[in-house]
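Containing PDB, C-alpha atoms: query-v6.pdb.
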```pdb
ATOM      1  CA  MET Y   1      43.672   6.846  84.449
ATOM      2  CA  TRP Y   2      42.038   8.176  87.659
ATOM      3  CA  THR Y   3      43.157   5.061  89.539
ATOM      4  CA  LEU Y   4      46.791   5.642  88.576
ATOM      5  CA  THR Y   5      46.901   9.412  89.066
ATOM      6  CA  CYS Y   6      44.408  10.259  91.812
ATOM      7  CA  ARG Y   7      42.719   7.402  93.667
ATOM      8  CA  TRP Y   8      45.742   6.915  95.940
ATOM      9  CA  THR Y   9      46.055  10.608  96.891
ATOM     10  CA  PRO Y  10      45.392  11.892 100.437
ATOM     11  CA  ASN Y  11      42.850  14.686 101.085
ATOM     12  CA  PRO Y  12      45.393  17.557 100.985
ATOM     13  CA  LEU Y  13      46.129  16.741  97.319
ATOM     14  CA  ASN Y  14      42.722  17.974  96.119
ATOM     15  CA  ARG Y  15      44.479  20.544  93.879
ATOM     16  CA  TRP Y  16      46.278  17.678  92.118
ATOM     17  CA  ARG Y  17      42.967  15.890  91.481
ATOM     18  CA  LEU Y  18      41.459  19.123  90.106
ATOM     19  CA  LEU Y  19      44.462  19.559  87.803
ATOM     20  CA  ILE Y  20      44.004  16.033  86.421
ATOM     21  CA  LEU Y  21      40.284  16.694  85.873
ATOM     22  CA  ARG Y  22      41.100  19.965  84.064
ATOM     23  CA  LEU Y  23      43.572  18.128  81.815
ATOM     24  CA  PHE Y  24      40.719  15.819  80.795
ATOM     25  CA  GLY Y  25      38.342  18.702  80.006
ATOM     26  CA  CYS Y  26      36.435  19.235  83.260
ATOM     27  CA  ARG Y  27      35.277  22.859  83.625
ATOM     28  CA  ILE Y  28      36.212  24.090  87.098
ATOM     29  CA  GLN Y  29      35.345  27.380  88.799
ATOM     30  CA  GLY Y  30      36.889  28.316  92.144
ATOM     31  CA  ARG Y  31      37.954  25.510  94.504
ATOM     32  CA  PRO Y  32      35.610  22.515  94.507
ATOM     33  CA  TYR Y  33      36.511  19.385  96.472
ATOM     34  CA  VAL Y  34      36.736  15.977  94.799
ATOM     35  CA  ALA Y  35      37.346  12.933  97.017
ATOM     36  CA  ALA Y  36      40.067  10.612  95.768
ATOM     37  CA  SER Y  37      37.753   7.585  95.941
ATOM     38  CA  CYS Y  38      35.004   9.037  93.730
ATOM     39  CA  ARG Y  39      34.642   7.911  90.112
ATOM     40  CA  ILE Y  40      34.010  10.272  87.203
ATOM     41  CA  ARG Y  41      33.270   8.514  83.917
ATOM     42  CA  VAL Y  42      33.395  11.430  81.435
ATOM     43  CA  PRO Y  43      35.325  14.402  82.896
ATOM     44  CA  TRP Y  44      34.784  16.606  79.817
ATOM     45  CA  GLN Y  45      31.021  16.457  80.511
ATOM     46  CA  LEU Y  46      31.475  17.686  84.107
ATOM     47  CA  GLU Y  47      31.322  21.242  85.444
ATOM     48  CA  LEU Y  48      32.322  21.926  89.066
ATOM     49  CA  HIS Y  49      31.648  25.285  90.709
ATOM     50  CA  ASP Y  50      33.299  26.865  93.758
ATOM     51  CA  ARG Y  51      33.130  24.723  96.923
ATOM     52  CA  ALA Y  52      31.042  21.990  95.288
ATOM     53  CA  CYS Y  53      31.886  18.722  97.033
ATOM     54  CA  LEU Y  54      32.008  15.225  95.532
ATOM     55  CA  GLY Y  55      32.186  12.903  98.531
ATOM     56  CA  PRO Y  56      33.970   9.573  99.007
ATOM     57  CA  ASP Y  57      32.867   6.654  96.830
ATOM     58  CA  SER Y  58      30.428   8.824  94.871
ATOM     59  CA  GLU Y  59      30.075   8.052  91.179
ATOM     60  CA  VAL Y  60      29.367  10.442  88.316
ATOM     61  CA  TYR Y  61      28.165   8.399  85.336
ATOM     62  CA  ASN Y  62      27.827  11.494  83.208
ATOM     63  CA  LEU Y  63      27.030  10.433  79.673
ATOM     64  CA  GLY Y  64      25.227  13.786  79.467
ATOM     65  CA  GLU Y  65      26.356  17.085  80.952
ATOM     66  CA  CYS Y  66      26.602  17.190  84.752
ATOM     67  CA  ILE Y  67      26.806  20.516  86.608
ATOM     68  CA  LEU Y  68      27.542  20.742  90.332
ATOM     69  CA  ARG Y  69      26.898  24.332  91.354
ATOM     70  CA  ALA Y  70      28.494  26.372  94.149
ATOM     71  CA  ARG Y  71      28.479  24.892  97.664
ATOM     72  CA  CYS Y  72      26.459  21.791  96.749
ATOM     73  CA  THR Y  73      27.359  18.546  98.494
ATOM     74  CA  ILE Y  74      27.258  15.090  96.966
ATOM     75  CA  ALA Y  75      27.588  12.754  99.974
ATOM     76  CA  GLN Y  76      29.394   9.422 100.091
ATOM     77  CA  GLY Y  77      28.243   6.615  97.863
ATOM     78  CA  THR Y  78      25.907   8.765  95.766
ATOM     79  CA  TYR Y  79      25.342   7.767  92.131
ATOM     80  CA  LEU Y  80      24.667  10.519  89.571
ATOM     81  CA  CYS Y  81      23.358   8.555  86.583
ATOM     82  CA  GLY Y  82      23.302  10.485  83.307
ATOM     83  CA  GLY Y  83      22.295   7.494  81.186
ATOM     84  CA  SER Y  84      19.627   4.809  81.144
ATOM     85  CA  HIS Y  85      17.654   2.747  78.633
ATOM     86  CA  ASP Y  86      14.248   3.199  77.004
ATOM     87  CA  LEU Y  87      12.343   0.190  78.336
ATOM     88  CA  SER Y  88       9.424   0.752  75.933
ATOM     89  CA  VAL Y  89      11.566  -0.291  72.941
ATOM     90  CA  PRO Y  90      12.733  -3.933  72.595
ATOM     91  CA  ALA Y  91      16.261  -2.874  71.547
ATOM     92  CA  LEU Y  92      16.617  -0.848  74.790
ATOM     93  CA  PRO Y  93      18.229   2.236  73.208
ATOM     94  CA  LEU Y  94      20.356   4.461  75.392
ATOM     95  CA  ILE Y  95      18.739   7.544  76.950
ATOM     96  CA  VAL Y  96      21.107  10.324  77.979
ATOM     97  CA  GLY Y  97      20.116  13.309  80.106
ATOM     98  CA  PRO Y  98      21.861  16.150  81.914
ATOM     99  CA  ILE Y  99      22.067  16.408  85.694
ATOM    100  CA  ASP Y 100      22.117  19.840  87.331
ATOM    101  CA  VAL Y 101      22.635  20.147  91.101
ATOM    102  CA  GLY Y 102      21.829  23.669  92.317
ATOM    103  CA  GLU Y 103      23.730  25.955  94.646
ATOM    104  CA  ASP Y 104      23.650  24.916  98.319
ATOM    105  CA  ALA Y 105      21.865  21.634  97.510
ATOM    106  CA  PHE Y 106      22.632  18.500  99.532
ATOM    107  CA  ILE Y 107      22.424  14.972  98.148
ATOM    108  CA  GLY Y 108      22.397  12.450 101.026
ATOM    109  CA  ALA Y 109      24.530   9.329 101.277
ATOM    110  CA  ARG Y 110      23.851   6.506  98.821
ATOM    111  CA  SER Y 111      21.271   8.492  96.857
ATOM    112  CA  PHE Y 112      20.563   7.895  93.168
ATOM    113  CA  ILE Y 113      19.919  10.750  90.716
ATOM    114  CA  MET Y 114      18.331   9.792  87.366
ATOM    115  CA  PRO Y 115      19.137  11.295  83.933
ATOM    116  CA  GLY Y 116      17.533  14.636  83.127
ATOM    117  CA  VAL Y 117      16.977  15.607  86.780
ATOM    118  CA  THR Y 118      17.575  19.102  88.145
ATOM    119  CA  ILE Y 119      18.044  19.506  91.888
ATOM    120  CA  GLY Y 120      16.986  23.057  92.746
ATOM    121  CA  GLN Y 121      18.927  25.567  94.794
ATOM    122  CA  GLY Y 122      19.123  24.524  98.452
ATOM    123  CA  ALA Y 123      17.139  21.322  97.889
ATOM    124  CA  VAL Y 124      17.895  18.178  99.901
ATOM    125  CA  ILE Y 125      17.653  14.588  98.701
ATOM    126  CA  GLY Y 126      17.554  12.403 101.821
ATOM    127  CA  ALA Y 127      19.926   9.483 102.347
ATOM    128  CA  ALA Y 128      19.288   6.596  99.941
ATOM    129  CA  GLY Y 129      16.715   8.714  98.093
ATOM    130  CA  VAL Y 130      15.996   8.229  94.397
ATOM    131  CA  ALA Y 131      15.433  11.435  92.416
ATOM    132  CA  VAL Y 132      13.354  10.466  89.377
ATOM    133  CA  ARG Y 133      12.106  14.014  88.722
ATOM    134  CA  ASP Y 134      13.237  17.549  89.474
ATOM    135  CA  ALA Y 135      13.479  18.699  93.098
ATOM    136  CA  LYS Y 136      12.132  22.218  93.640
ATOM    137  CA  PRO Y 137      14.389  24.799  95.315
ATOM    138  CA  TRP Y 138      14.617  24.595  99.133
ATOM    139  CA  THR Y 139      12.584  21.364  99.392
ATOM    140  CA  VAL Y 140      13.376  18.113 101.182
ATOM    141  CA  THR Y 141      12.786  14.985  99.093
ATOM    142  CA  VAL Y 142      13.080  11.426 100.456
ATOM    143  CA  GLY Y 143      12.364   7.829  99.479
ATOM    144  CA  ASN Y 144      12.096   5.732  96.350
ATOM    145  CA  PRO Y 145      10.719   7.217  94.224
ATOM    146  CA  GLY Y 146      11.578  10.551  95.796
ATOM    147  CA  ARG Y 147       8.674  12.554  97.192
ATOM    148  CA  GLU Y 148       8.713  16.030  98.623
ATOM    149  CA  ILE Y 149       8.045  16.038 102.375
ATOM    150  CA  ALA Y 150       8.993  19.539 103.522
ATOM    151  CA  MET Y 151      10.394  22.943 102.755
ATOM    152  CA  ARG Y 152      13.736  23.834 104.314
ATOM    153  CA  LYS Y 153      13.346  26.395 107.087
ATOM    154  CA  PHE Y 154      16.154  28.328 108.676
ATOM    155  CA  GLU Y 155      16.471  29.766 112.134
ATOM    156  CA  ALA Y 156      18.197  33.119 112.478
ATOM    157  CA  SER Y 157      21.948  32.838 112.877
ATOM    158  CA  PRO Y 158      23.411  34.066 116.204
ATOM    159  CA  SER Y 159      24.670  37.263 114.570
ATOM    160  CA  GLU Y 160      21.195  38.043 113.158
ATOM    161  CA  SER Y 161      19.391  37.408 116.464
ATOM    162  CA  GLU Y 162      21.889  39.599 118.366
ATOM    163  CA  THR Y 163      21.232  42.557 116.065
ATOM    164  CA  THR Y 164      17.439  42.245 116.344
ATOM    165  CA  SER Y 165      17.400  42.096 120.172
TER
END
```

Transcribe the structure of this file into structure tokens.
Amino acid sequence: MWTLTCRWTPNPLNRWRLLILRLFGCRIQGRPYVAASCRIRVPWQLELHDRACLGPDSEVYNLGECILRARCTIAQGTYLCGGSHDLSVPALPLIVGPIDVGEDAFIGARSFIMPGVTIGQGAVIGAAGVAVRDAKPWTVTVGNPGREIAMRKFEASPSESETTS
């Protein structure tokens, strides 16, 4: 259905894509951005908050609930995987887990987020990173499997430094 109604749309038709997602049960707050080339498997399991961004060619395989909170960015080619298989059982039963991406978080290009993972507020998953466990708020996680390498630090904005001088 997405291919027929949205995949062909240019960037300015984001409102149209959001309308289609709403019609299929997606919970939307404010004005998130959804690239036309992304793929959302189960829209009724998706919640998009204000200014959340799903980049080009990203995929949301959301067998469980997936929440993208305010101002988070899911960069191009990222795969949010809400389902996997239990490899310890010969029948390989399906495992489903929620994915929660916090406010102001950034998921780098071609990253992979596993089921049941929470990305904390302001956390960064570096390009091509694999998040197999939760990322703490305001941390930078890189690699496969993802490991925390730093805390995000911010310099004062120009307006803040002008008032303190």

Item to check | Ground truth for the PyMOL selection byres ((chain Y and resi 149) around 12), written as JSON, numbers by chain | outcome: {"Y": [123, 124, 125, 126, 135, 136, 138, 139, 140, 141, 142, 143, 146, 147, 148, 150, 151, 152]}

Item to check | For Arg17 (chain Y): contacts at 8 Å, all atoms listed in the file, fewer than 5 positions along chain excluded, given as a VMD selection string | outcome: chain Y and resid 5 to 6 34 36

Please save C-alpha atoms of the selected residues as an mmCIF file, keeping the file's coordinate frame.
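File written: out-v3.cif
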```
data_model
loop_
_atom_site.group_PDB
_atom_site.id
_atom_site.type_symbol
_atom_site.label_atom_id
_atom_site.label_comp_id
_atom_site.auth_asym_id
_atom_site.auth_seq_id
_atom_site.Cartn_x
_atom_site.Cartn_y
_atom_site.Cartn_z
ATOM 1 C CA THR Y 5 46.901 9.412 89.066
ATOM 2 C CA CYS Y 6 44.408 10.259 91.812
ATOM 3 C CA VAL Y 34 36.736 15.977 94.799
ATOM 4 C CA ALA Y 36 40.067 10.612 95.768
#
```

Item to check | Result set, the PyMOL selection byres ((chain Y and resi 84-91) around 12) on current file, as a PyMOL selection string | outcome: chain Y and resi 61-64+80-83+92-98+113-116+132

Checklist entry - Could you spell out the hits of the PyMOL selection byres ((chain Y and resi 38-52) around 7) on the shown file, as a VMD selection string? => result chain Y and resid 21 24 to 33 35 to 37 53 to 73

Please produce a file of the residues just selected, as a PDB file, in the coordinates of the input, where the atoms kept are C-alpha atoms.
```
ATOM      1  CA  LEU Y  21      40.284  16.694  85.873  1.00  0.00           C
ATOM      2  CA  PHE Y  24      40.719  15.819  80.795  1.00  0.00           C
ATOM      3  CA  GLY Y  25      38.342  18.702  80.006  1.00  0.00           C
ATOM      4  CA  CYS Y  26      36.435  19.235  83.260  1.00  0.00           C
ATOM      5  CA  ARG Y  27      35.277  22.859  83.625  1.00  0.00           C
ATOM      6  CA  ILE Y  28      36.212  24.090  87.098  1.00  0.00           C
ATOM      7  CA  GLN Y  29      35.345  27.380  88.799  1.00  0.00           C
ATOM      8  CA  GLY Y  30      36.889  28.316  92.144  1.00  0.00           C
ATOM      9  CA  ARG Y  31      37.954  25.510  94.504  1.00  0.00           C
ATOM     10  CA  PRO Y  32      35.610  22.515  94.507  1.00  0.00           C
ATOM     11  CA  TYR Y  33      36.511  19.385  96.472  1.00  0.00           C
ATOM     12  CA  ALA Y  35      37.346  12.933  97.017  1.00  0.00           C
ATOM     13  CA  ALA Y  36      40.067  10.612  95.768  1.00  0.00           C
ATOM     14  CA  SER Y  37      37.753   7.585  95.941  1.00  0.00           C
ATOM     15  CA  CYS Y  53      31.886  18.722  97.033  1.00  0.00           C
ATOM     16  CA  LEU Y  54      32.008  15.225  95.532  1.00  0.00           C
ATOM     17  CA  GLY Y  55      32.186  12.903  98.531  1.00  0.00           C
ATOM     18  CA  PRO Y  56      33.970   9.573  99.007  1.00  0.00           C
ATOM     19  CA  ASP Y  57      32.867   6.654  96.830  1.00  0.00           C
ATOM     20  CA  SER Y  58      30.428   8.824  94.871  1.00  0.00           C
ATOM     21  CA  GLU Y  59      30.075   8.052  91.179  1.00  0.00           C
ATOM     22  CA  VAL Y  60      29.367  10.442  88.316  1.00  0.00           C
ATOM     23  CA  TYR Y  61      28.165   8.399  85.336  1.00  0.00           C
ATOM     24  CA  ASN Y  62      27.827  11.494  83.208  1.00  0.00           C
ATOM     25  CA  LEU Y  63      27.030  10.433  79.673  1.00  0.00           C
ATOM     26  CA  GLY Y  64      25.227  13.786  79.467  1.00  0.00           C
ATOM     27  CA  GLU Y  65      26.356  17.085  80.952  1.00  0.00           C
ATOM     28  CA  CYS Y  66      26.602  17.190  84.752  1.00  0.00           C
ATOM     29  CA  ILE Y  67      26.806  20.516  86.608  1.00  0.00           C
ATOM     30  CA  LEU Y  68      27.542  20.742  90.332  1.00  0.00           C
ATOM     31  CA  ARG Y  69      26.898  24.332  91.354  1.00  0.00           C
ATOM     32  CA  ALA Y  70      28.494  26.372  94.149  1.00  0.00           C
ATOM     33  CA  ARG Y  71      28.479  24.892  97.664  1.00  0.00           C
ATOM     34  CA  CYS Y  72      26.459  21.791  96.749  1.00  0.00           C
ATOM     35  CA  THR Y  73      27.359  18.546  98.494  1.00  0.00           C
TER      36      THR Y  73
END
```

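Remark: for Ile107 (chain Y), the closest of the candidate residues Y:Tyr79, Y:Ile74, Y:Leu18, Y:Gln121 is Y:Ile74 (distances computed over all atoms listed in the file).
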
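A straight line drawn from CA of Val101 (chain Y) to CA of Ala131 (chain Y) is 11.4 Å long.
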
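CA of Asp134 (chain Y) lies 25.9 Å from CA of Glu155 (chain Y).
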
Item to check | Interatomic distance (Å, one decimal) between CA of Ile119 (chain Y) and CA of Ala75 (chain Y) | outcome: 14.2 Å

Any chance you could model N, CA and C atoms for region 108-136 of chain Y and send them as a PDB file, in the coordinates of the input?
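Result written to part-v4.pdb:
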```pdb
ATOM      1  N   GLY Y 108      22.028  13.339  99.924  1.00  0.00           N
ATOM      2  CA  GLY Y 108      22.397  12.450 101.026  1.00  0.00           C
ATOM      3  C   GLY Y 108      23.105  11.185 100.574  1.00  0.00           C
ATOM      4  N   ALA Y 109      23.733  10.532 101.533  1.00  0.00           N
ATOM      5  CA  ALA Y 109      24.530   9.329 101.277  1.00  0.00           C
ATOM      6  C   ALA Y 109      23.727   8.259 100.541  1.00  0.00           C
ATOM      7  N   ARG Y 110      24.385   7.621  99.596  1.00  0.00           N
ATOM      8  CA  ARG Y 110      23.851   6.506  98.821  1.00  0.00           C
ATOM      9  C   ARG Y 110      22.577   6.831  98.033  1.00  0.00           C
ATOM     10  N   SER Y 111      22.409   8.093  97.687  1.00  0.00           N
ATOM     11  CA  SER Y 111      21.271   8.492  96.857  1.00  0.00           C
ATOM     12  C   SER Y 111      21.545   8.181  95.393  1.00  0.00           C
ATOM     13  N   PHE Y 112      20.472   8.189  94.598  1.00  0.00           N
ATOM     14  CA  PHE Y 112      20.563   7.895  93.168  1.00  0.00           C
ATOM     15  C   PHE Y 112      19.830   8.995  92.422  1.00  0.00           C
ATOM     16  N   ILE Y 113      20.514   9.667  91.494  1.00  0.00           N
ATOM     17  CA  ILE Y 113      19.919  10.750  90.716  1.00  0.00           C
ATOM     18  C   ILE Y 113      19.815  10.281  89.266  1.00  0.00           C
ATOM     19  N   MET Y 114      18.601  10.296  88.718  1.00  0.00           N
ATOM     20  CA  MET Y 114      18.331   9.792  87.366  1.00  0.00           C
ATOM     21  C   MET Y 114      18.708  10.818  86.294  1.00  0.00           C
ATOM     22  N   PRO Y 115      18.824  10.375  85.025  1.00  0.00           N
ATOM     23  CA  PRO Y 115      19.137  11.295  83.933  1.00  0.00           C
ATOM     24  C   PRO Y 115      18.052  12.351  83.761  1.00  0.00           C
ATOM     25  N   GLY Y 116      18.471  13.556  83.406  1.00  0.00           N
ATOM     26  CA  GLY Y 116      17.533  14.636  83.127  1.00  0.00           C
ATOM     27  C   GLY Y 116      16.983  15.331  84.351  1.00  0.00           C
ATOM     28  N   VAL Y 117      17.499  15.035  85.535  1.00  0.00           N
ATOM     29  CA  VAL Y 117      16.977  15.607  86.780  1.00  0.00           C
ATOM     30  C   VAL Y 117      17.750  16.867  87.163  1.00  0.00           C
ATOM     31  N   THR Y 118      16.996  17.874  87.602  1.00  0.00           N
ATOM     32  CA  THR Y 118      17.575  19.102  88.145  1.00  0.00           C
ATOM     33  C   THR Y 118      17.227  19.168  89.622  1.00  0.00           C
ATOM     34  N   ILE Y 119      18.239  19.326  90.451  1.00  0.00           N
ATOM     35  CA  ILE Y 119      18.044  19.506  91.888  1.00  0.00           C
ATOM     36  C   ILE Y 119      18.134  21.005  92.131  1.00  0.00           C
ATOM     37  N   GLY Y 120      17.047  21.609  92.589  1.00  0.00           N
ATOM     38  CA  GLY Y 120      16.986  23.057  92.746  1.00  0.00           C
ATOM     39  C   GLY Y 120      17.906  23.593  93.829  1.00  0.00           C
ATOM     40  N   GLN Y 121      18.082  24.902  93.807  1.00  0.00           N
ATOM     41  CA  GLN Y 121      18.927  25.567  94.794  1.00  0.00           C
ATOM     42  C   GLN Y 121      18.467  25.219  96.207  1.00  0.00           C
ATOM     43  N   GLY Y 122      19.409  24.800  97.052  1.00  0.00           N
ATOM     44  CA  GLY Y 122      19.123  24.524  98.452  1.00  0.00           C
ATOM     45  C   GLY Y 122      18.298  23.282  98.719  1.00  0.00           C
ATOM     46  N   ALA Y 123      17.955  22.527  97.693  1.00  0.00           N
ATOM     47  CA  ALA Y 123      17.139  21.322  97.889  1.00  0.00           C
ATOM     48  C   ALA Y 123      17.960  20.219  98.553  1.00  0.00           C
ATOM     49  N   VAL Y 124      17.256  19.317  99.241  1.00  0.00           N
ATOM     50  CA  VAL Y 124      17.895  18.178  99.901  1.00  0.00           C
ATOM     51  C   VAL Y 124      17.263  16.898  99.372  1.00  0.00           C
ATOM     52  N   ILE Y 125      18.111  15.947  99.004  1.00  0.00           N
ATOM     53  CA  ILE Y 125      17.653  14.588  98.701  1.00  0.00           C
ATOM     54  C   ILE Y 125      18.130  13.745  99.874  1.00  0.00           C
ATOM     55  N   GLY Y 126      17.201  13.167 100.627  1.00  0.00           N
ATOM     56  CA  GLY Y 126      17.554  12.403 101.821  1.00  0.00           C
ATOM     57  C   GLY Y 126      18.386  11.175 101.503  1.00  0.00           C
ATOM     58  N   ALA Y 127      19.060  10.653 102.508  1.00  0.00           N
ATOM     59  CA  ALA Y 127      19.926   9.483 102.347  1.00  0.00           C
ATOM     60  C   ALA Y 127      19.178   8.345 101.667  1.00  0.00           C
ATOM     61  N   ALA Y 128      19.821   7.715 100.714  1.00  0.00           N
ATOM     62  CA  ALA Y 128      19.288   6.596  99.941  1.00  0.00           C
ATOM     63  C   ALA Y 128      18.049   6.966  99.128  1.00  0.00           C
ATOM     64  N   GLY Y 129      17.837   8.258  98.902  1.00  0.00           N
ATOM     65  CA  GLY Y 129      16.715   8.714  98.093  1.00  0.00           C
ATOM     66  C   GLY Y 129      16.974   8.488  96.613  1.00  0.00           C
ATOM     67  N   VAL Y 130      15.890   8.396  95.842  1.00  0.00           N
ATOM     68  CA  VAL Y 130      15.996   8.229  94.397  1.00  0.00           C
ATOM     69  C   VAL Y 130      15.264   9.389  93.736  1.00  0.00           C
ATOM     70  N   ALA Y 131      16.020  10.269  93.084  1.00  0.00           N
ATOM     71  CA  ALA Y 131      15.433  11.435  92.416  1.00  0.00           C
ATOM     72  C   ALA Y 131      15.103  11.055  90.980  1.00  0.00           C
ATOM     73  N   VAL Y 132      13.805  10.840  90.715  1.00  0.00           N
ATOM     74  CA  VAL Y 132      13.354  10.466  89.377  1.00  0.00           C
ATOM     75  C   VAL Y 132      12.804  11.669  88.617  1.00  0.00           C
ATOM     76  N   ARG Y 133      12.569  12.761  89.336  1.00  0.00           N
ATOM     77  CA  ARG Y 133      12.106  14.014  88.722  1.00  0.00           C
ATOM     78  C   ARG Y 133      12.762  15.175  89.455  1.00  0.00           C
ATOM     79  N   ASP Y 134      12.594  16.362  88.912  1.00  0.00           N
ATOM     80  CA  ASP Y 134      13.237  17.549  89.474  1.00  0.00           C
ATOM     81  C   ASP Y 134      12.817  17.791  90.922  1.00  0.00           C
ATOM     82  N   ALA Y 135      13.764  18.286  91.716  1.00  0.00           N
ATOM     83  CA  ALA Y 135      13.479  18.699  93.098  1.00  0.00           C
ATOM     84  C   ALA Y 135      13.413  20.221  93.107  1.00  0.00           C
ATOM     85  N   LYS Y 136      12.309  20.765  93.605  1.00  0.00           N
ATOM     86  CA  LYS Y 136      12.132  22.218  93.640  1.00  0.00           C
ATOM     87  C   LYS Y 136      13.124  22.847  94.614  1.00  0.00           C
TER      88      LYS Y 136
END
```
